[in-house]
>>> print(open('model22.pdb').read())   # PDB, C-alpha atoms, pLDDT in the B column
ATOM      1  CA  ALA O   1       0.000   0.000   0.000  1.00 83.00           C
ATOM      2  CA  GLN O   2       1.131   3.498  -0.723  1.00 89.00           C
ATOM      3  CA  THR O   3       1.926   5.944   2.051  1.00 94.00           C
ATOM      4  CA  VAL O   4       2.589   9.676   2.143  1.00 97.00           C
ATOM      5  CA  THR O   5       4.595  11.322   4.913  1.00 97.00           C
ATOM      6  CA  GLN O   6       4.913  14.987   5.790  1.00 97.00           C
ATOM      7  CA  SER O   7       7.432  15.198   8.599  1.00 95.00           C
ATOM      8  CA  GLN O   8       7.029  18.907   9.345  1.00 96.00           C
ATOM      9  CA  PRO O   9       3.817  19.503  11.329  1.00 96.00           C
ATOM     10  CA  GLU O  10       4.487  23.266  11.396  1.00 97.00           C
ATOM     11  CA  MET O  11       6.592  25.696   9.408  1.00 97.00           C
ATOM     12  CA  SER O  12       7.044  29.434   9.567  1.00 98.00           C
ATOM     13  CA  VAL O  13       8.288  31.931   6.993  1.00 98.00           C
ATOM     14  CA  GLN O  14       8.824  35.660   6.852  1.00 98.00           C
ATOM     15  CA  GLU O  15       6.721  37.546   4.345  1.00 97.00           C
ATOM     16  CA  ALA O  16       8.511  37.825   0.954  1.00 97.00           C
ATOM     17  CA  GLU O  17      10.889  34.980   1.831  1.00 98.00           C
ATOM     18  CA  THR O  18      10.994  31.460   0.399  1.00 98.00           C
ATOM     19  CA  VAL O  19       9.913  28.310   2.205  1.00 98.00           C
ATOM     20  CA  THR O  20      10.062  24.633   1.283  1.00 98.00           C
ATOM     21  CA  LEU O  21       7.607  22.040   2.553  1.00 98.00           C
ATOM     22  CA  SER O  22       8.724  18.431   2.505  1.00 98.00           C
ATOM     23  CA  CYS O  23       6.870  15.313   1.424  1.00 98.00           C
ATOM     24  CA  THR O  24       8.015  11.747   0.932  1.00 98.00           C
ATOM     25  CA  TYR O  25       5.996   8.826  -0.313  1.00 98.00           C
ATOM     26  CA  ASP O  26       6.312   5.116  -0.702  1.00 96.00           C
ATOM     27  CA  THR O  27       5.095   3.160  -3.726  1.00 95.00           C
ATOM     28  CA  SER O  28       6.115   0.304  -5.962  1.00 93.00           C
ATOM     29  CA  GLU O  29       4.366   1.840  -8.961  1.00 92.00           C
ATOM     30  CA  SER O  30       6.235   3.616 -11.732  1.00 90.00           C
ATOM     31  CA  ASP O  31       3.468   5.936 -12.928  1.00 92.00           C
ATOM     32  CA  TYR O  32       1.340   8.051 -10.639  1.00 94.00           C
ATOM     33  CA  TYR O  33       0.328  11.603  -9.839  1.00 95.00           C
ATOM     34  CA  LEU O  34       1.393  13.783  -6.941  1.00 97.00           C
ATOM     35  CA  PHE O  35      -0.435  16.841  -5.686  1.00 96.00           C
ATOM     36  CA  TRP O  36      -0.176  19.663  -3.195  1.00 97.00           C
ATOM     37  CA  TYR O  37      -3.401  21.016  -1.718  1.00 97.00           C
ATOM     38  CA  LYS O  38      -3.831  24.165   0.351  1.00 97.00           C
ATOM     39  CA  GLN O  39      -6.402  24.435   3.123  1.00 97.00           C
ATOM     40  CA  PRO O  40      -6.840  27.983   4.501  1.00 96.00           C
ATOM     41  CA  PRO O  41      -8.804  28.649   7.688  1.00 93.00           C
ATOM     42  CA  SER O  42     -11.988  28.681   5.594  1.00 92.00           C
ATOM     43  CA  ARG O  43     -11.561  24.870   5.408  1.00 93.00           C
ATOM     44  CA  GLN O  44     -11.763  24.908   1.617  1.00 93.00           C
ATOM     45  CA  MET O  45      -9.407  22.462  -0.138  1.00 94.00           C
ATOM     46  CA  ILE O  46      -7.590  24.155  -3.014  1.00 94.00           C
ATOM     47  CA  LEU O  47      -5.402  22.364  -5.543  1.00 94.00           C
ATOM     48  CA  VAL O  48      -2.051  24.160  -5.707  1.00 96.00           C
ATOM     49  CA  ILE O  49       0.031  22.072  -8.088  1.00 96.00           C
ATOM     50  CA  ARG O  50       0.249  18.628  -9.655  1.00 95.00           C
ATOM     51  CA  GLN O  51       3.083  16.483 -10.990  1.00 96.00           C
ATOM     52  CA  GLU O  52       2.927  13.481 -13.281  1.00 94.00           C
ATOM     53  CA  ALA O  53       5.579  10.945 -12.341  1.00 94.00           C
ATOM     54  CA  TYR O  54       6.568  10.254 -15.953  1.00 92.00           C
ATOM     55  CA  LYS O  55       7.499  13.905 -16.449  1.00 91.00           C
ATOM     56  CA  GLN O  56      11.041  14.752 -15.426  1.00 86.00           C
ATOM     57  CA  GLN O  57      10.399  18.478 -15.500  1.00 93.00           C
ATOM     58  CA  ASN O  58       9.305  19.946 -12.196  1.00 96.00           C
ATOM     59  CA  ALA O  59       5.857  21.553 -12.210  1.00 95.00           C
ATOM     60  CA  THR O  60       5.490  25.270 -11.524  1.00 96.00           C
ATOM     61  CA  GLU O  61       2.471  27.482 -10.920  1.00 94.00           C
ATOM     62  CA  ASN O  62       3.369  31.125 -10.447  1.00 96.00           C
ATOM     63  CA  ARG O  63       5.127  31.369  -7.049  1.00 97.00           C
ATOM     64  CA  PHE O  64       4.700  27.661  -6.373  1.00 98.00           C
ATOM     65  CA  SER O  65       7.086  25.027  -7.662  1.00 97.00           C
ATOM     66  CA  VAL O  66       7.984  21.478  -6.776  1.00 98.00           C
ATOM     67  CA  ASN O  67      11.200  19.531  -6.512  1.00 97.00           C
ATOM     68  CA  PHE O  68      10.267  16.042  -7.667  1.00 97.00           C
ATOM     69  CA  GLN O  69      12.909  13.421  -6.982  1.00 96.00           C
ATOM     70  CA  LYS O  70      11.433  10.163  -8.257  1.00 95.00           C
ATOM     71  CA  ALA O  71      14.249   7.864  -7.201  1.00 95.00           C
ATOM     72  CA  ALA O  72      14.255   9.323  -3.705  1.00 96.00           C
ATOM     73  CA  LYS O  73      10.427   9.374  -3.628  1.00 97.00           C
ATOM     74  CA  SER O  74      10.468  12.962  -2.556  1.00 97.00           C
ATOM     75  CA  PHE O  75       8.075  15.741  -3.584  1.00 97.00           C
ATOM     76  CA  SER O  76       8.726  19.085  -1.913  1.00 98.00           C
ATOM     77  CA  LEU O  77       6.806  22.314  -2.439  1.00 98.00           C
ATOM     78  CA  LYS O  78       8.634  25.629  -2.703  1.00 98.00           C
ATOM     79  CA  ILE O  79       6.748  28.849  -2.131  1.00 98.00           C
ATOM     80  CA  SER O  80       8.606  31.927  -3.315  1.00 98.00           C
ATOM     81  CA  ASP O  81       7.908  35.517  -2.241  1.00 98.00           C
ATOM     82  CA  SER O  82       5.619  34.289   0.537  1.00 98.00           C
ATOM     83  CA  GLN O  83       2.476  36.287   1.128  1.00 97.00           C
ATOM     84  CA  LEU O  84       0.196  36.537   4.138  1.00 97.00           C
ATOM     85  CA  GLY O  85      -2.476  34.740   2.134  1.00 96.00           C
ATOM     86  CA  ASP O  86      -0.223  31.684   1.851  1.00 98.00           C
ATOM     87  CA  ALA O  87      -0.797  30.912   5.532  1.00 97.00           C
ATOM     88  CA  ALA O  88      -2.662  27.612   5.545  1.00 98.00           C
ATOM     89  CA  MET O  89      -2.433  23.887   6.059  1.00 97.00           C
ATOM     90  CA  TYR O  90      -0.715  22.194   3.116  1.00 98.00           C
ATOM     91  CA  PHE O  91      -1.315  18.575   2.177  1.00 97.00           C
ATOM     92  CA  CYS O  92       0.730  16.380  -0.087  1.00 97.00           C
ATOM     93  CA  ALA O  93      -1.231  13.640  -1.878  1.00 96.00           C
ATOM     94  CA  TYR O  94      -0.579  10.615  -4.081  1.00 96.00           C
ATOM     95  CA  ARG O  95      -2.803   9.117  -6.735  1.00 94.00           C
ATOM     96  CA  SER O  96      -2.285   5.716  -8.282  1.00 91.00           C
ATOM     97  CA  LEU O  97      -2.960   5.271 -11.989  1.00 87.00           C
ATOM     98  CA  ILE O  98      -4.023   1.661 -11.568  1.00 84.00           C
ATOM     99  CA  TYR O  99      -7.637   1.434 -12.679  1.00 76.00           C
ATOM    100  CA  ASN O 100      -9.027  -0.550  -9.761  1.00 76.00           C
ATOM    101  CA  GLN O 101      -7.680   1.986  -7.274  1.00 76.00           C
ATOM    102  CA  GLY O 102     -10.611   4.218  -8.178  1.00 79.00           C
ATOM    103  CA  GLY O 103      -8.648   7.432  -8.554  1.00 84.00           C
ATOM    104  CA  LYS O 104      -8.560   7.980  -4.796  1.00 89.00           C
ATOM    105  CA  LEU O 105      -5.975  10.245  -3.222  1.00 92.00           C
ATOM    106  CA  ILE O 106      -3.756   9.256  -0.303  1.00 95.00           C
ATOM    107  CA  PHE O 107      -2.879  12.240   1.847  1.00 96.00           C
ATOM    108  CA  GLY O 108      -0.014  13.108   4.117  1.00 96.00           C
ATOM    109  CA  GLN O 109      -0.556  14.419   7.622  1.00 96.00           C
ATOM    110  CA  GLY O 110      -0.299  18.059   6.626  1.00 96.00           C
ATOM    111  CA  THR O 111       2.046  20.976   7.345  1.00 97.00           C
ATOM    112  CA  GLU O 112       0.700  24.127   8.974  1.00 97.00           C
ATOM    113  CA  LEU O 113       2.406  27.133   7.404  1.00 98.00           C
ATOM    114  CA  SER O 114       2.387  30.487   9.144  1.00 98.00           C
ATOM    115  CA  VAL O 115       3.585  33.685   7.460  1.00 97.00           C
ATOM    116  CA  LYS O 116       5.040  36.458   9.600  1.00 97.00           C
ATOM    117  CA  PRO O 117       4.612  40.076   8.444  1.00 94.00           C
TER     118      PRO O 117
ATOM    119  CA  ASN N   1     -21.416  26.364 -11.327  1.00 54.00           C
ATOM    120  CA  ALA N   2     -21.522  25.088  -7.739  1.00 68.00           C
ATOM    121  CA  GLY N   3     -19.075  22.148  -8.169  1.00 91.00           C
ATOM    122  CA  VAL N   4     -19.469  19.932  -5.107  1.00 94.00           C
ATOM    123  CA  THR N   5     -22.117  20.813  -2.562  1.00 95.00           C
ATOM    124  CA  GLN N   6     -22.349  19.099   0.793  1.00 95.00           C
ATOM    125  CA  THR N   7     -24.769  19.635   3.645  1.00 94.00           C
ATOM    126  CA  PRO N   8     -24.957  20.410   6.466  1.00 95.00           C
ATOM    127  CA  LYS N   9     -21.959  22.606   7.304  1.00 94.00           C
ATOM    128  CA  PHE N  10     -22.170  21.915  11.014  1.00 96.00           C
ATOM    129  CA  GLN N  11     -23.882  19.227  13.057  1.00 96.00           C
ATOM    130  CA  VAL N  12     -23.946  18.177  16.694  1.00 97.00           C
ATOM    131  CA  LEU N  13     -25.170  14.702  17.558  1.00 97.00           C
ATOM    132  CA  LYS N  14     -25.583  12.747  20.736  1.00 97.00           C
ATOM    133  CA  THR N  15     -24.002   9.327  20.990  1.00 98.00           C
ATOM    134  CA  GLY N  16     -26.228   6.765  19.317  1.00 97.00           C
ATOM    135  CA  GLN N  17     -28.064   9.186  17.065  1.00 97.00           C
ATOM    136  CA  SER N  18     -28.047   8.726  13.303  1.00 96.00           C
ATOM    137  CA  MET N  19     -27.615  11.178  10.465  1.00 96.00           C
ATOM    138  CA  THR N  20     -26.902  11.383   6.765  1.00 97.00           C
ATOM    139  CA  LEU N  21     -24.436  13.758   5.149  1.00 97.00           C
ATOM    140  CA  GLN N  22     -25.539  14.759   1.690  1.00 97.00           C
ATOM    141  CA  CYS N  23     -23.256  15.444  -1.267  1.00 96.00           C
ATOM    142  CA  ALA N  24     -24.053  16.430  -4.822  1.00 96.00           C
ATOM    143  CA  GLN N  25     -21.862  17.363  -7.780  1.00 95.00           C
ATOM    144  CA  ASP N  26     -22.805  19.139 -10.971  1.00 92.00           C
ATOM    145  CA  MET N  27     -19.633  18.337 -12.920  1.00 88.00           C
ATOM    146  CA  ASN N  28     -20.773  14.977 -14.371  1.00 89.00           C
ATOM    147  CA  HIS N  29     -17.843  13.098 -12.825  1.00 91.00           C
ATOM    148  CA  ASN N  30     -17.983   9.338 -12.386  1.00 92.00           C
ATOM    149  CA  SER N  31     -15.954   9.142  -9.168  1.00 93.00           C
ATOM    150  CA  MET N  32     -16.984  10.477  -5.774  1.00 95.00           C
ATOM    151  CA  TYR N  33     -15.365  10.174  -2.370  1.00 96.00           C
ATOM    152  CA  TRP N  34     -15.919  10.699   1.341  1.00 97.00           C
ATOM    153  CA  TYR N  35     -12.965  11.660   3.542  1.00 97.00           C
ATOM    154  CA  ARG N  36     -12.612  12.551   7.182  1.00 98.00           C
ATOM    155  CA  GLN N  37     -10.026  15.004   8.476  1.00 97.00           C
ATOM    156  CA  ASP N  38      -8.568  14.722  11.952  1.00 95.00           C
ATOM    157  CA  PRO N  39      -5.696  16.742  13.454  1.00 90.00           C
ATOM    158  CA  GLY N  40      -2.300  15.236  12.699  1.00 88.00           C
ATOM    159  CA  MET N  41      -3.773  12.547  10.471  1.00 89.00           C
ATOM    160  CA  GLY N  42      -4.490  14.355   7.236  1.00 92.00           C
ATOM    161  CA  LEU N  43      -7.495  13.239   5.215  1.00 95.00           C
ATOM    162  CA  ARG N  44      -8.431   9.586   5.344  1.00 96.00           C
ATOM    163  CA  LEU N  45     -10.719   7.892   2.863  1.00 96.00           C
ATOM    164  CA  ILE N  46     -13.939   6.452   4.281  1.00 97.00           C
ATOM    165  CA  TYR N  47     -15.703   5.211   1.140  1.00 97.00           C
ATOM    166  CA  TYR N  48     -15.602   5.929  -2.542  1.00 95.00           C
ATOM    167  CA  SER N  49     -17.682   5.294  -5.617  1.00 95.00           C
ATOM    168  CA  ALA N  50     -15.852   4.858  -8.904  1.00 91.00           C
ATOM    169  CA  SER N  51     -19.078   4.975 -10.887  1.00 90.00           C
ATOM    170  CA  GLU N  52     -22.821   5.071 -10.432  1.00 90.00           C
ATOM    171  CA  GLY N  53     -23.998   1.878  -8.762  1.00 89.00           C
ATOM    172  CA  THR N  54     -20.662   0.927  -7.208  1.00 92.00           C
ATOM    173  CA  THR N  55     -19.163   1.689  -3.811  1.00 95.00           C
ATOM    174  CA  ASP N  56     -15.951   0.532  -2.142  1.00 95.00           C
ATOM    175  CA  LYS N  57     -14.451   0.788   1.305  1.00 96.00           C
ATOM    176  CA  GLY N  58     -11.575   3.095   1.968  1.00 94.00           C
ATOM    177  CA  GLU N  59      -9.129   3.201   4.844  1.00 94.00           C
ATOM    178  CA  VAL N  60     -11.612   3.885   7.681  1.00 97.00           C
ATOM    179  CA  PRO N  61     -15.085   2.536   6.743  1.00 97.00           C
ATOM    180  CA  ASN N  62     -16.208   1.172  10.114  1.00 96.00           C
ATOM    181  CA  GLY N  63     -19.315   2.866  11.465  1.00 96.00           C
ATOM    182  CA  TYR N  64     -20.324   4.339   8.108  1.00 98.00           C
ATOM    183  CA  ASN N  65     -22.492   3.423   5.155  1.00 97.00           C
ATOM    184  CA  VAL N  66     -22.792   5.114   1.789  1.00 97.00           C
ATOM    185  CA  SER N  67     -25.267   5.324  -1.057  1.00 96.00           C
ATOM    186  CA  ARG N  68     -24.549   6.382  -4.608  1.00 95.00           C
ATOM    187  CA  LEU N  69     -28.079   7.420  -5.417  1.00 86.00           C
ATOM    188  CA  ASN N  70     -27.291   8.497  -8.968  1.00 94.00           C
ATOM    189  CA  LYS N  71     -24.360  10.021 -10.801  1.00 94.00           C
ATOM    190  CA  ARG N  72     -24.801  13.342  -8.990  1.00 95.00           C
ATOM    191  CA  GLU N  73     -25.342  12.256  -5.397  1.00 96.00           C
ATOM    192  CA  PHE N  74     -23.256  10.328  -2.883  1.00 97.00           C
ATOM    193  CA  SER N  75     -24.441  10.258   0.723  1.00 97.00           C
ATOM    194  CA  LEU N  76     -22.688   9.163   3.906  1.00 98.00           C
ATOM    195  CA  ARG N  77     -24.693   7.730   6.796  1.00 97.00           C
ATOM    196  CA  LEU N  78     -23.783   7.302  10.429  1.00 97.00           C
ATOM    197  CA  GLU N  79     -26.223   4.760  11.869  1.00 93.00           C
ATOM    198  CA  SER N  80     -25.180   5.107  15.515  1.00 96.00           C
ATOM    199  CA  ALA N  81     -22.828   8.008  16.066  1.00 96.00           C
ATOM    200  CA  ALA N  82     -19.878   7.642  18.438  1.00 97.00           C
ATOM    201  CA  PRO N  83     -17.557  10.313  19.897  1.00 97.00           C
ATOM    202  CA  SER N  84     -14.728   8.830  17.781  1.00 97.00           C
ATOM    203  CA  GLN N  85     -16.634  10.040  14.722  1.00 98.00           C
ATOM    204  CA  THR N  86     -16.188  13.666  15.730  1.00 98.00           C
ATOM    205  CA  SER N  87     -14.358  15.039  12.711  1.00 97.00           C
ATOM    206  CA  VAL N  88     -14.550  17.225   9.645  1.00 97.00           C
ATOM    207  CA  TYR N  89     -16.030  15.354   6.702  1.00 98.00           C
ATOM    208  CA  PHE N  90     -15.322  16.157   3.068  1.00 97.00           C
ATOM    209  CA  CYS N  91     -17.061  14.972  -0.034  1.00 96.00           C
ATOM    210  CA  ALA N  92     -15.108  15.139  -3.289  1.00 95.00           C
ATOM    211  CA  ALA N  93     -15.575  14.338  -6.944  1.00 94.00           C
ATOM    212  CA  SER N  94     -13.268  13.390  -9.808  1.00 84.00           C
ATOM    213  CA  SER N  95      -9.510  13.218  -9.666  1.00 68.00           C
ATOM    214  CA  PRO N  96      -7.721  15.469  -8.971  1.00 73.00           C
ATOM    215  CA  LEU N  97     -10.363  16.051  -6.470  1.00 80.00           C
ATOM    216  CA  HIS N  98     -12.830  18.876  -6.326  1.00 90.00           C
ATOM    217  CA  PHE N  99     -13.909  19.173  -2.724  1.00 94.00           C
ATOM    218  CA  GLY N 100     -17.042  20.322  -0.996  1.00 94.00           C
ATOM    219  CA  ASN N 101     -16.670  22.810   1.831  1.00 93.00           C
ATOM    220  CA  GLY N 102     -16.790  20.218   4.578  1.00 95.00           C
ATOM    221  CA  THR N 103     -19.065  19.307   7.469  1.00 96.00           C
ATOM    222  CA  ARG N 104     -17.887  19.764  11.026  1.00 96.00           C
ATOM    223  CA  LEU N 105     -19.525  16.987  13.047  1.00 97.00           C
ATOM    224  CA  THR N 106     -19.382  16.797  16.816  1.00 97.00           C
ATOM    225  CA  VAL N 107     -20.650  13.744  18.676  1.00 97.00           C
ATOM    226  CA  THR N 108     -21.179  14.254  22.400  1.00 96.00           C
TER     227      THR N 108
END
>>> encode(input="model22.pdb", output="structure tokens")
Amino acid sequence: AQTVTQSQPEMSVQEAETVTLSCTYDTSESDYYLFWYKQPPSRQMILVIRQEAYKQQNATENRFSVNFQKAAKSFSLKISDSQLGDAAMYFCAYRSLIYNQGGKLIFGQGTELSVKP
Amino acid sequence: NAGVTQTPKFQVLKTGQSMTLQCAQDMNHNSMYWYRQDPGMGLRLIYYSASEGTTDKGEVPNGYNVSRLNKREFSLRLESAAPSQTSVYFCAASSPLHFGNGTRLTVT
């Protein structure tokens, strides 16, 4: 069974600085998707970025980018030029591409990010 | 376009009471999911439905039942609520997932 681990329960960053959130996962599959979700205090779950395992190029979305290390099974999220609105809980998630897995996501424990003005 | 709508937003139950959480999606997706979120544990899958007429257990199905009424609707039922079911519940559709806004359930 696949597992996702976020070893940093809490992180803090100064406004305008850069922060990296860590995520590791365990799988025997060669193709899969990885995601980062953001959950602000409103409780809404917002997709931040996705990465297909077969793509070597790291995904980027504006100030958000990932460092995908397939061999190391590592998938970190870098937030550049941090803003107060980035304060939230961040979840890393894994999705198998095997059909009978139903497209479900397996989530890590979450990292609470605070942004200091 | 509402996406995924789940009701209610908040609910307080006494131990042993029953309730159904409702979820509906207007995106015509085949797959729907129910997760629970607990501090320090992330989101854990309770049940999912890969298509209309099918349901499968997730990681933490005990104490819950589900119904995929049609393609749009996927409900979660607690037959006899327990304090251990105090949690925030999320319904989601498709993959990557589009989430509802969650239900905060407290069982006293």
>>> resolve_selection(input="model22.pdb", expression="the PyMOL selection byres ((chain N) within 9 of (chain O))", output="tab-separated table (two decimals) with C-alpha atoms, in the frame of the given file")
chain	number	residue	atom	x	y	z
N	31	SER	CA	-15.95	9.14	-9.17
N	32	MET	CA	-16.98	10.48	-5.77
N	33	TYR	CA	-15.36	10.17	-2.37
N	39	PRO	CA	-5.70	16.74	13.45
N	40	GLY	CA	-2.30	15.24	12.70
N	41	MET	CA	-3.77	12.55	10.47
N	42	GLY	CA	-4.49	14.36	7.24
N	43	LEU	CA	-7.50	13.24	5.22
N	44	ARG	CA	-8.43	9.59	5.34
N	45	LEU	CA	-10.72	7.89	2.86
N	48	TYR	CA	-15.60	5.93	-2.54
N	49	SER	CA	-17.68	5.29	-5.62
N	50	ALA	CA	-15.85	4.86	-8.90
N	51	SER	CA	-19.08	4.97	-10.89
N	56	ASP	CA	-15.95	0.53	-2.14
N	58	GLY	CA	-11.58	3.10	1.97
N	94	SER	CA	-13.27	13.39	-9.81
N	95	SER	CA	-9.51	13.22	-9.67
N	96	PRO	CA	-7.72	15.47	-8.97
N	97	LEU	CA	-10.36	16.05	-6.47
N	98	HIS	CA	-12.83	18.88	-6.33
N	99	PHE	CA	-13.91	19.17	-2.72
N	100	GLY	CA	-17.04	20.32	-1.00
N	101	ASN	CA	-16.67	22.81	1.83
N	102	GLY	CA	-16.79	20.22	4.58
>>> resolve_selection(input="model22.pdb", expression="the PyMOL selection byres ((chain O and resi 52) around 12)", output="short mmCIF file (atom, residue, chain, number, x, y, z; two decimals) with C-alpha atoms, keeping the file's coordinate frame")
data_model
loop_
_atom_site.label_atom_id
_atom_site.label_comp_id
_atom_site.auth_asym_id
_atom_site.auth_seq_id
_atom_site.Cartn_x
_atom_site.Cartn_y
_atom_site.Cartn_z
CA SER O 30 6.24 3.62 -11.73
CA ASP O 31 3.47 5.94 -12.93
CA TYR O 32 1.34 8.05 -10.64
CA TYR O 33 0.33 11.60 -9.84
CA LEU O 34 1.39 13.78 -6.94
CA PHE O 35 -0.44 16.84 -5.69
CA ILE O 49 0.03 22.07 -8.09
CA ARG O 50 0.25 18.63 -9.65
CA GLN O 51 3.08 16.48 -10.99
CA ALA O 53 5.58 10.94 -12.34
CA TYR O 54 6.57 10.25 -15.95
CA LYS O 55 7.50 13.90 -16.45
CA GLN O 56 11.04 14.75 -15.43
CA GLN O 57 10.40 18.48 -15.50
CA ASN O 58 9.30 19.95 -12.20
CA ALA O 59 5.86 21.55 -12.21
CA VAL O 66 7.98 21.48 -6.78
CA PHE O 68 10.27 16.04 -7.67
CA GLN O 69 12.91 13.42 -6.98
CA LYS O 70 11.43 10.16 -8.26
CA PHE O 75 8.07 15.74 -3.58
CA TYR O 94 -0.58 10.62 -4.08
CA ARG O 95 -2.80 9.12 -6.74
CA SER O 96 -2.28 5.72 -8.28
CA LEU O 97 -2.96 5.27 -11.99
CA PRO N 96 -7.72 15.47 -8.97
#
>>> closest_residue(input="model22.pdb", among="O:Ile79, O:Ala87, O:Met11, O:Ala71", to="Glu29 in chain O", atoms="all atoms listed in the file")
O:Ala71
>>> atom_distance(input="model22.pdb", atom1="CA of Leu21 in chain O", atom2="CA of Arg104 in chain N")
27.0 Å
>>> resolve_selection(input="model22.pdb", expression="the PyMOL selection byres ((chain O and resi 2) around 8)", output="list in words")
Ala1, Thr3, Val4, Tyr25, Asp26, Thr27, Ser28 and Ile106 of chain O
>>> write_last_selection(input="model22.pdb", atoms="C-alpha atoms", output="PDB file, in the frame of the given file")
ATOM      1  CA  ALA O   1       0.000   0.000   0.000  1.00 83.00           C
ATOM      2  CA  THR O   3       1.926   5.944   2.051  1.00 94.00           C
ATOM      3  CA  VAL O   4       2.589   9.676   2.143  1.00 97.00           C
ATOM      4  CA  TYR O  25       5.996   8.826  -0.313  1.00 98.00           C
ATOM      5  CA  ASP O  26       6.312   5.116  -0.702  1.00 96.00           C
ATOM      6  CA  THR O  27       5.095   3.160  -3.726  1.00 95.00           C
ATOM      7  CA  SER O  28       6.115   0.304  -5.962  1.00 93.00           C
ATOM      8  CA  ILE O 106      -3.756   9.256  -0.303  1.00 95.00           C
TER       9      ILE O 106
END
>>> atom_distance(input="model22.pdb", atom1="CA of Lys78 in chain O", atom2="CA of Val13 in chain O")
11.6 Å
>>> closest_residue(input="model22.pdb", among="N:Asn30, N:Val66, N:Tyr35, N:Gln85", to="Gln17 in chain N", atoms="only C-alpha atoms")
N:Gln85
>>> residues_around(input="model22.pdb", residues="Tyr64 in chain N", least_positions_apart="4", cutoff="10 Å", atoms="all atoms listed in the file", output="list of chain:residue names")
N:Thr20, N:Ile46, N:Tyr47, N:Lys57, N:Val60, N:Leu76, N:Arg77, N:Leu78, N:Glu79, N:Ser80, N:Ala81, N:Gln85
>>> closest_residue(input="model22.pdb", among="O:Ile98, O:Ser22, O:Ser7, O:Ala16", to="Ser74 in chain O", atoms="all atoms listed in the file")
O:Ser22
>>> atom_distance(input="model22.pdb", atom1="CA of Gln39 in chain O", atom2="CA of Asp86 in chain O")
9.6 Å
>>> build_atoms(input="model22.pdb", residues="range 78-89 of chain N", atoms="N, CA, C and O atoms", output="mmCIF file, keeping the file's coordinate frame")
data_model
loop_
_atom_site.group_PDB
_atom_site.id
_atom_site.type_symbol
_atom_site.label_atom_id
_atom_site.label_comp_id
_atom_site.auth_asym_id
_atom_site.auth_seq_id
_atom_site.Cartn_x
_atom_site.Cartn_y
_atom_site.Cartn_z
ATOM 1 N N LEU N 78 -24.239 7.805 9.146
ATOM 2 C CA LEU N 78 -23.783 7.302 10.429
ATOM 3 C C LEU N 78 -25.004 6.713 11.114
ATOM 4 O O LEU N 78 -25.942 7.432 11.447
ATOM 5 N N GLU N 79 -25.041 5.422 11.299
ATOM 6 C CA GLU N 79 -26.223 4.760 11.869
ATOM 7 C C GLU N 79 -26.330 4.981 13.373
ATOM 8 O O GLU N 79 -27.404 5.161 13.910
ATOM 9 N N SER N 80 -25.201 4.936 14.061
ATOM 10 C CA SER N 80 -25.180 5.107 15.515
ATOM 11 C C SER N 80 -23.903 5.855 15.869
ATOM 12 O O SER N 80 -22.844 5.247 16.030
ATOM 13 N N ALA N 81 -24.020 7.170 15.929
ATOM 14 C CA ALA N 81 -22.828 8.008 16.066
ATOM 15 C C ALA N 81 -22.085 7.741 17.379
ATOM 16 O O ALA N 81 -22.695 7.487 18.438
ATOM 17 N N ALA N 82 -20.761 7.825 17.285
ATOM 18 C CA ALA N 82 -19.878 7.642 18.438
ATOM 19 C C ALA N 82 -18.957 8.852 18.546
ATOM 20 O O ALA N 82 -18.655 9.487 17.525
ATOM 21 N N PRO N 83 -18.481 9.168 19.739
ATOM 22 C CA PRO N 83 -17.557 10.313 19.897
ATOM 23 C C PRO N 83 -16.337 10.219 18.993
ATOM 24 O O PRO N 83 -15.810 11.246 18.558
ATOM 25 N N SER N 84 -15.893 9.002 18.663
ATOM 26 C CA SER N 84 -14.728 8.830 17.781
ATOM 27 C C SER N 84 -15.014 9.300 16.357
ATOM 28 O O SER N 84 -14.075 9.438 15.549
ATOM 29 N N GLN N 85 -16.273 9.546 16.043
ATOM 30 C CA GLN N 85 -16.634 10.040 14.722
ATOM 31 C C GLN N 85 -16.697 11.568 14.665
ATOM 32 O O GLN N 85 -17.038 12.137 13.621
ATOM 33 N N THR N 86 -16.357 12.214 15.753
ATOM 34 C CA THR N 86 -16.188 13.666 15.730
ATOM 35 C C THR N 86 -15.053 14.003 14.779
ATOM 36 O O THR N 86 -13.930 13.514 14.950
ATOM 37 N N SER N 87 -15.337 14.804 13.768
ATOM 38 C CA SER N 87 -14.358 15.039 12.711
ATOM 39 C C SER N 87 -14.912 16.080 11.756
ATOM 40 O O SER N 87 -16.048 16.539 11.886
ATOM 41 N N VAL N 88 -14.082 16.435 10.785
ATOM 42 C CA VAL N 88 -14.550 17.225 9.645
ATOM 43 C C VAL N 88 -14.640 16.282 8.451
ATOM 44 O O VAL N 88 -13.674 15.584 8.142
ATOM 45 N N TYR N 89 -15.784 16.274 7.801
ATOM 46 C CA TYR N 89 -16.030 15.354 6.702
ATOM 47 C C TYR N 89 -16.051 16.118 5.375
ATOM 48 O O TYR N 89 -16.681 17.168 5.268
#
